[in-house]
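Text of the file target25.cif, holding mmCIF, C-alpha atoms and all ligand atoms:
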data_data
#
loop_
_atom_site.label_atom_id
_atom_site.label_comp_id
_atom_site.auth_asym_id
_atom_site.auth_seq_id
_atom_site.Cartn_x
_atom_site.Cartn_y
_atom_site.Cartn_z
CA MET A 703 104.68 113.27 99.12
CA ARG A 704 102.72 110.16 98.22
CA ASP A 705 104.33 106.78 97.60
CA GLN A 706 104.99 106.02 93.95
CA ILE A 707 104.23 102.38 93.37
CA VAL A 708 104.48 99.81 90.59
CA ALA A 709 102.74 96.55 91.46
CA GLY A 710 102.78 93.50 89.22
CA ASN A 711 99.75 91.22 89.28
CA TRP A 712 100.80 87.91 87.83
CA LYS A 713 97.24 86.51 87.94
CA MET A 714 97.32 82.73 87.19
CA ASN A 715 100.77 82.80 85.58
CA ASN A 716 104.31 81.77 86.50
CA ASN A 717 104.90 78.33 88.00
CA GLN A 718 107.77 77.51 90.34
CA SER A 719 110.61 77.55 87.80
CA GLU A 720 109.25 80.62 86.01
CA THR A 721 108.94 82.44 89.33
CA GLU A 722 112.51 81.52 90.26
CA PHE A 723 113.80 82.67 86.87
CA PHE A 724 111.98 86.02 87.03
CA LEU A 725 112.76 86.86 90.65
CA ASN A 726 116.44 85.98 90.38
CA LYS A 727 116.66 88.42 87.52
CA LEU A 728 114.62 91.01 89.41
CA ILE A 729 116.89 91.05 92.47
CA LYS A 730 119.87 91.86 90.26
CA GLN A 731 118.24 94.95 88.76
CA THR A 732 119.06 98.43 89.96
CA LYS A 733 115.77 99.91 91.12
CA PRO A 734 114.90 103.53 91.72
CA THR A 735 114.91 104.27 95.46
CA ASP A 736 111.78 106.44 95.27
CA VAL A 737 109.51 103.78 93.74
CA ARG A 738 107.90 100.98 95.76
CA VAL A 739 107.89 97.76 93.77
CA MET A 740 105.32 95.11 94.59
CA LEU A 741 104.60 91.74 93.06
CA ALA A 742 101.58 89.44 93.42
CA PRO A 743 102.34 85.82 92.43
CA SER A 744 99.82 83.00 92.77
CA PHE A 745 99.19 81.55 96.24
CA THR A 746 101.45 78.55 95.62
CA GLN A 747 104.43 80.77 94.79
CA LEU A 748 104.09 83.24 97.68
CA SER A 749 106.42 81.45 100.05
CA GLN A 750 109.01 80.99 97.32
CA ALA A 751 108.79 84.69 96.39
CA VAL A 752 109.19 85.77 100.03
CA THR A 753 112.32 83.61 100.32
CA ILE A 754 113.95 84.83 97.10
CA LEU A 755 113.12 88.49 97.84
CA LYS A 756 114.03 88.43 101.54
CA ASN A 757 116.97 90.83 101.12
CA ASP A 758 115.20 93.07 98.63
CA ARG A 759 112.80 95.97 99.19
CA ILE A 760 110.15 94.38 96.95
CA THR A 761 106.82 93.66 98.65
CA VAL A 762 105.22 90.29 98.01
CA VAL A 763 101.44 90.60 97.71
CA ALA A 764 98.62 88.03 97.64
CA GLN A 765 95.99 88.29 94.91
CA ASN A 766 93.06 87.53 97.21
CA MET A 767 92.00 86.25 100.62
CA ASN A 768 88.79 85.10 102.27
CA ALA A 769 86.54 87.41 104.27
CA GLU A 770 86.40 84.94 107.18
CA PHE A 771 89.20 84.33 109.65
CA SER A 772 88.96 80.52 109.49
CA GLY A 773 86.43 77.75 109.05
CA ALA A 774 84.77 75.43 106.56
CA PHE A 775 85.62 77.29 103.34
CA THR A 776 87.11 74.67 101.06
CA GLY A 777 89.80 76.00 98.75
CA GLU A 778 90.05 79.36 100.48
CA ILE A 779 93.02 81.13 102.08
CA SER A 780 92.85 83.27 105.24
CA ALA A 781 94.68 86.42 106.23
CA ASP A 782 96.56 84.52 108.94
CA MET A 783 97.77 81.94 106.43
CA LEU A 784 99.18 84.71 104.26
CA LYS A 785 100.88 86.40 107.20
CA GLU A 786 102.39 83.11 108.30
CA VAL A 787 104.31 82.87 105.01
CA GLY A 788 105.42 86.49 105.30
CA VAL A 789 102.80 88.18 103.11
CA MET A 790 101.39 91.34 104.67
CA THR A 791 99.61 92.90 101.68
CA VAL A 792 96.64 91.67 99.67
CA VAL A 793 94.86 92.71 96.47
CA LEU A 794 91.10 92.94 97.03
CA GLY A 795 88.32 93.71 94.56
CA HIS A 796 90.04 92.86 91.30
CA SER A 797 87.50 93.03 88.48
CA GLU A 798 88.23 89.44 87.45
CA ARG A 799 87.19 88.26 90.90
CA ARG A 800 84.20 90.62 90.98
CA ALA A 801 83.03 89.17 87.66
CA MET A 802 83.99 85.50 87.99
CA ASN A 803 83.73 84.92 91.73
CA HIS A 804 80.72 87.10 92.45
CA GLU A 805 82.59 89.43 94.78
CA THR A 806 80.05 92.14 95.50
CA ASP A 807 80.75 95.46 97.19
CA GLU A 808 79.30 93.95 100.38
CA VAL A 809 81.65 90.94 100.27
CA LEU A 810 84.55 93.27 99.59
CA ALA A 811 83.62 95.55 102.49
CA LYS A 812 83.88 92.48 104.73
CA LYS A 813 87.20 91.39 103.22
CA VAL A 814 88.60 94.87 103.77
CA LYS A 815 87.62 94.77 107.44
CA THR A 816 89.07 91.28 107.91
CA ALA A 817 92.35 92.31 106.28
CA LEU A 818 92.62 95.42 108.44
CA ALA A 819 91.72 93.51 111.60
CA SER A 820 94.56 91.15 110.64
CA GLU A 821 96.92 94.13 110.29
CA MET A 822 97.35 93.62 106.58
CA LYS A 823 97.74 96.29 103.93
CA ILE A 824 95.37 96.35 100.97
CA ILE A 825 95.55 97.22 97.29
CA PHE A 826 91.86 97.88 96.67
CA CYS A 827 90.74 97.63 93.01
CA PHE A 828 87.65 99.05 91.38
CA GLY A 829 86.60 100.40 87.99
CA GLU A 830 83.75 100.66 85.55
CA GLU A 831 82.79 98.36 82.68
CA LEU A 832 82.67 99.46 79.06
CA GLY A 833 78.90 99.97 79.17
CA HIS A 834 79.25 102.36 82.10
CA ARG A 835 81.98 104.29 80.29
CA LYS A 836 79.82 104.58 77.15
CA SER A 837 76.69 105.61 79.03
CA GLY A 838 78.59 108.22 81.03
CA LYS A 839 77.86 106.44 84.34
CA TYR A 840 81.51 105.80 85.23
CA PHE A 841 81.82 108.34 88.02
CA GLU A 842 78.63 107.02 89.61
CA VAL A 843 79.80 103.39 89.45
CA VAL A 844 83.24 104.11 90.90
CA GLU A 845 81.77 106.29 93.64
CA LYS A 846 79.45 103.45 94.67
CA GLN A 847 82.26 100.87 94.68
CA ILE A 848 84.48 103.01 96.87
CA THR A 849 81.73 104.26 99.15
CA LYS A 850 80.32 100.81 99.90
CA ALA A 851 83.64 99.12 100.58
CA LEU A 852 85.72 101.86 102.17
CA PHE A 853 83.82 104.87 103.41
CA ASP A 854 82.85 103.48 106.78
CA LEU A 855 86.52 102.98 107.70
CA SER A 856 88.19 105.16 110.29
CA GLU A 857 90.60 107.82 109.09
CA GLY A 858 93.47 105.86 110.64
CA ALA A 859 92.69 102.76 108.58
CA TRP A 860 93.52 104.63 105.37
CA SER A 861 97.26 104.47 105.98
CA ASN A 862 96.90 100.75 105.12
CA LEU A 863 95.16 101.33 101.80
CA ILE A 864 96.42 101.74 98.27
CA LEU A 865 93.72 102.30 95.64
CA ALA A 866 93.87 100.92 92.11
CA TYR A 867 91.54 102.30 89.44
CA GLU A 868 91.25 99.63 86.76
CA PRO A 869 88.62 100.33 84.10
CA VAL A 870 87.45 96.86 83.09
CA TRP A 871 87.43 97.77 79.39
CA ALA A 872 91.18 98.44 79.54
CA ILE A 873 92.26 95.22 81.26
CA GLY A 874 94.08 92.80 78.98
CA THR A 875 92.55 94.46 75.94
CA GLY A 876 95.49 96.58 74.81
CA GLU A 877 93.16 99.55 75.16
CA THR A 878 94.38 101.99 77.79
CA ALA A 879 92.47 104.82 79.36
CA SER A 880 93.95 107.99 77.95
CA PRO A 881 96.18 109.90 80.38
CA GLU A 882 93.36 112.49 80.55
CA GLN A 883 90.73 109.84 81.37
CA ALA A 884 92.98 108.37 84.08
CA GLN A 885 93.77 111.77 85.59
CA GLU A 886 90.10 112.81 85.52
CA MET A 887 89.02 109.68 87.42
CA HIS A 888 91.91 109.80 89.89
CA ALA A 889 91.18 113.46 90.69
CA PHE A 890 87.51 112.54 91.18
CA ILE A 891 88.43 109.72 93.58
CA ARG A 892 90.73 112.02 95.53
CA SER A 893 87.99 114.63 95.77
CA LEU A 894 85.55 112.01 97.10
CA ILE A 895 88.02 111.05 99.83
CA GLY A 896 88.57 114.73 100.58
CA GLN A 897 84.83 115.33 100.97
CA LYS A 898 84.22 112.23 103.09
CA TYR A 899 87.33 112.62 105.26
CA ASN A 900 89.59 115.61 104.62
CA THR A 901 91.99 116.86 101.95
CA SER A 902 95.09 116.13 103.96
CA LEU A 903 94.13 112.43 104.09
CA ALA A 904 93.11 112.48 100.40
CA ASP A 905 96.50 113.88 99.46
CA LYS A 906 98.28 110.99 101.16
CA VAL A 907 96.46 108.10 99.45
CA SER A 908 98.33 106.51 96.54
CA ILE A 909 96.01 105.85 93.61
CA LEU A 910 97.36 103.46 90.96
CA TYR A 911 96.09 103.05 87.42
CA GLY A 912 95.71 99.57 85.91
CA GLY A 913 94.71 98.42 82.44
CA SER A 914 97.13 97.71 79.58
CA VAL A 915 100.01 99.70 81.07
CA LYS A 916 103.07 98.96 78.94
CA PRO A 917 106.60 100.37 78.66
CA ASN A 918 105.47 102.64 75.83
CA ASN A 919 102.61 104.32 77.70
CA ALA A 920 103.61 104.15 81.38
CA LYS A 921 105.51 107.42 81.47
CA GLU A 922 102.64 109.43 80.03
CA ILE A 923 100.11 107.86 82.40
CA PHE A 924 102.32 108.20 85.50
CA SER A 925 103.11 111.84 84.72
CA ASN A 926 99.59 112.87 85.72
CA LYS A 927 99.34 114.66 89.03
CA ASP A 928 96.90 112.25 90.68
CA VAL A 929 98.30 109.01 89.21
CA ASP A 930 100.79 107.53 91.66
CA GLY A 931 101.82 104.47 89.70
CA GLY A 932 100.36 101.35 88.18
CA LEU A 933 98.96 97.90 88.75
CA ILE A 934 100.41 95.89 85.91
CA GLY A 935 99.07 92.60 84.51
CA GLY A 936 100.50 91.27 81.24
CA ALA A 937 103.59 93.48 81.16
CA SER A 938 104.62 92.34 84.65
CA LEU A 939 105.35 88.87 83.27
CA ASN A 940 108.33 90.08 81.29
CA ILE A 941 111.25 91.32 83.37
CA ASP A 942 112.42 93.90 80.82
CA ASP A 943 108.92 95.33 80.37
CA PHE A 944 108.30 95.35 84.11
CA MET A 945 111.58 97.14 84.86
CA ALA A 946 110.91 99.65 82.08
CA ILE A 947 107.60 100.47 83.76
CA VAL A 948 109.24 100.69 87.21
CA ASN A 949 111.61 103.23 85.68
CA SER A 950 108.84 105.28 84.07
CA PHE A 951 108.39 108.01 86.70
P1 LIG B 1 96.77 94.22 82.07
O1 LIG B 1 97.96 95.09 82.42
O2 LIG B 1 97.16 92.90 81.49
O3 LIG B 1 95.76 94.96 81.27
O4 LIG B 1 96.06 93.85 83.48
C1 LIG B 1 95.76 94.85 84.36
C2 LIG B 1 95.32 94.23 85.63
O5 LIG B 1 94.27 93.62 85.69
C3 LIG B 1 96.21 94.33 86.80
O6 LIG B 1 95.57 93.92 87.96
#
Rewrite the structure of this file - the entire thing - as structure tokens.
Amino acid sequence: MRDQIVAGNWKMNNNQSETEFFLNKLIKQTKPTDVRVMLAPSFTQLSQAVTILKNDRITVVAQNMNAEFSGAFTGEISADMLKEVGVMTVVLGHSERRAMNHETDEVLAKKVKTALASEMKIIFCFGEELGHRKSGKYFEVVEKQITKALFDLSEGAWSNLILAYEPVWAIGTGETASPEQAQEMHAFIRSLIGQKYNTSLADKVSILYGGSVKPNNAKEIFSNKDVDGGLIGGASLNIDDFMAIVNSF
């Protein structure tokens, strides 16, 4: 049985007092025991989140890290720095960073290797843009993103990976992939992993869907056989919405 996961990506939201307010409410909630809850605050709130959540099962996740281990990279954060504040999981490949910070598949392949060498777990994001969806090239684009960044990893490395399919046209737009579109892509991704490695490995990898997941559509999306949960942006900023999504399996 694969892990069912709901991960909140706060992006550049929630300052210190907002983080405290949200997390103190979150720890009081009754959470389903069969769902892994994860939350990615901004870098400056990671330490605070680790402290508030120390007695909870919620995993604190970083939204990014640098591909290098250390050095002259002004403004950057290393894997070791994250681990030192108690953060063992990192989001890599988010489409906003691909688009705005020029994170290519090659850069991401390096980040993945650095994270794994640092014994960190990874939520690896990928997904096609609207143009690719319209031109029918979406399978091709996703296959390339996954192949270039992940398919030279050893089989063993995959136990540290969670995948997140986030079609760019559905992020922050209110437009969600239909449950059929999500299932179709997730099944395709699983079949790629099965062909490259083996089906037993493919069956173990959790594949999350991200892009305008809300309390009113989460259940339908999560009910698909190959969708193992969600990576949630906007709706993870509201505790009631976030908990409703956590309870949507
Ligand atoms: P929204 O849920 O706001 O569309 O964001 C999705 C996302 O980018 C999560 O990483």
| task | Return the single residue from A:Met822, A:Val787, A:Cys827, A:Ile873 that is closest to ligand LIG 1 (chain B), with distances computed using all atoms listed in the file. | result | A:Ile873
| Using only C-alpha atoms, can you list as an NGL selection string the residues within 12 Å of (92.6, 108.7, 80.2)? | :A and (835 or 867-869 or 872 or 877-889 or 911-915 or 919-920 or 922-926 or 928-929)
| said: Tell me which residues come within 10 Å of (98.1, 79.1, 94.4), as an MDAnalysis selection string, counting all atoms listed in the file in the file's coordinates. | reply: chainID A and resid 713:715 717 743:748 764:765 777 779
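You can rank A:Val739, A:Ile848, A:Val793, A:Leu903 by their closest distance to ligand LIG 1 (chain B) using only C-alpha atoms and all ligand atoms, and at the top of that list sits A:Val793.
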| query | Quick one: of A:Ser902, A:Thr721, A:Asn766, A:Ser772, who's nearest to ligand LIG 1 (chain B), counting all atoms listed in the file? | reply | A:Asn766
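For the pair CA of Arg738 in chain A and CA of Arg892 in chain A, the interatomic distance is 20.4 Å.
Here the question is which of A:Asn918, A:Thr875, A:Thr849, A:Gln897 gets nearest to ligand LIG 1 (chain B) using only C-alpha atoms and all ligand atoms, and that residue is A:Thr875.
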| note | Using all atoms listed in the file, the shortest atom-to-atom distance to Ala937 in chain A among A:Ser820, A:Thr761, A:Gln847, A:Asn711 belongs to A:Asn711
| request: Tell me, as a PyMOL selection string, which residues lie within 9 Å of range 823-825 of chain A, counting only C-alpha atoms; anything in the same chain fewer than 6 positions away does not count. | output: chain A and resi 763+790-795+814+817+861-866
| remark: CA of Thr806 in chain A to CA of Ser856 in chain A measures 21.3 Å
Work out where the centre of an axis-aligned box around every listed atom of range 800-805 of chain A lies and how long its edges are once 6 Å is added on each side; give both in Å to one decimal as lines of an AutoDock Vina configuration file.
center_x = 82.5
center_y = 87.8
center_z = 91.2
size_x = 15.5
size_y = 17.7
size_z = 19.1
| said: Just want the 10 Å neighbourhood of Asp854 in chain A, counted on only C-alpha atoms, with same-chain residues fewer than 6 positions away dropped. Output as a PyMOL selection string. | reply: chain A and resi 811+815+898
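Among the candidates A:Val809, A:Val752, A:Met802, A:Leu910, the one nearest to Lys785 in chain A when counting all atoms listed in the file is A:Val752.
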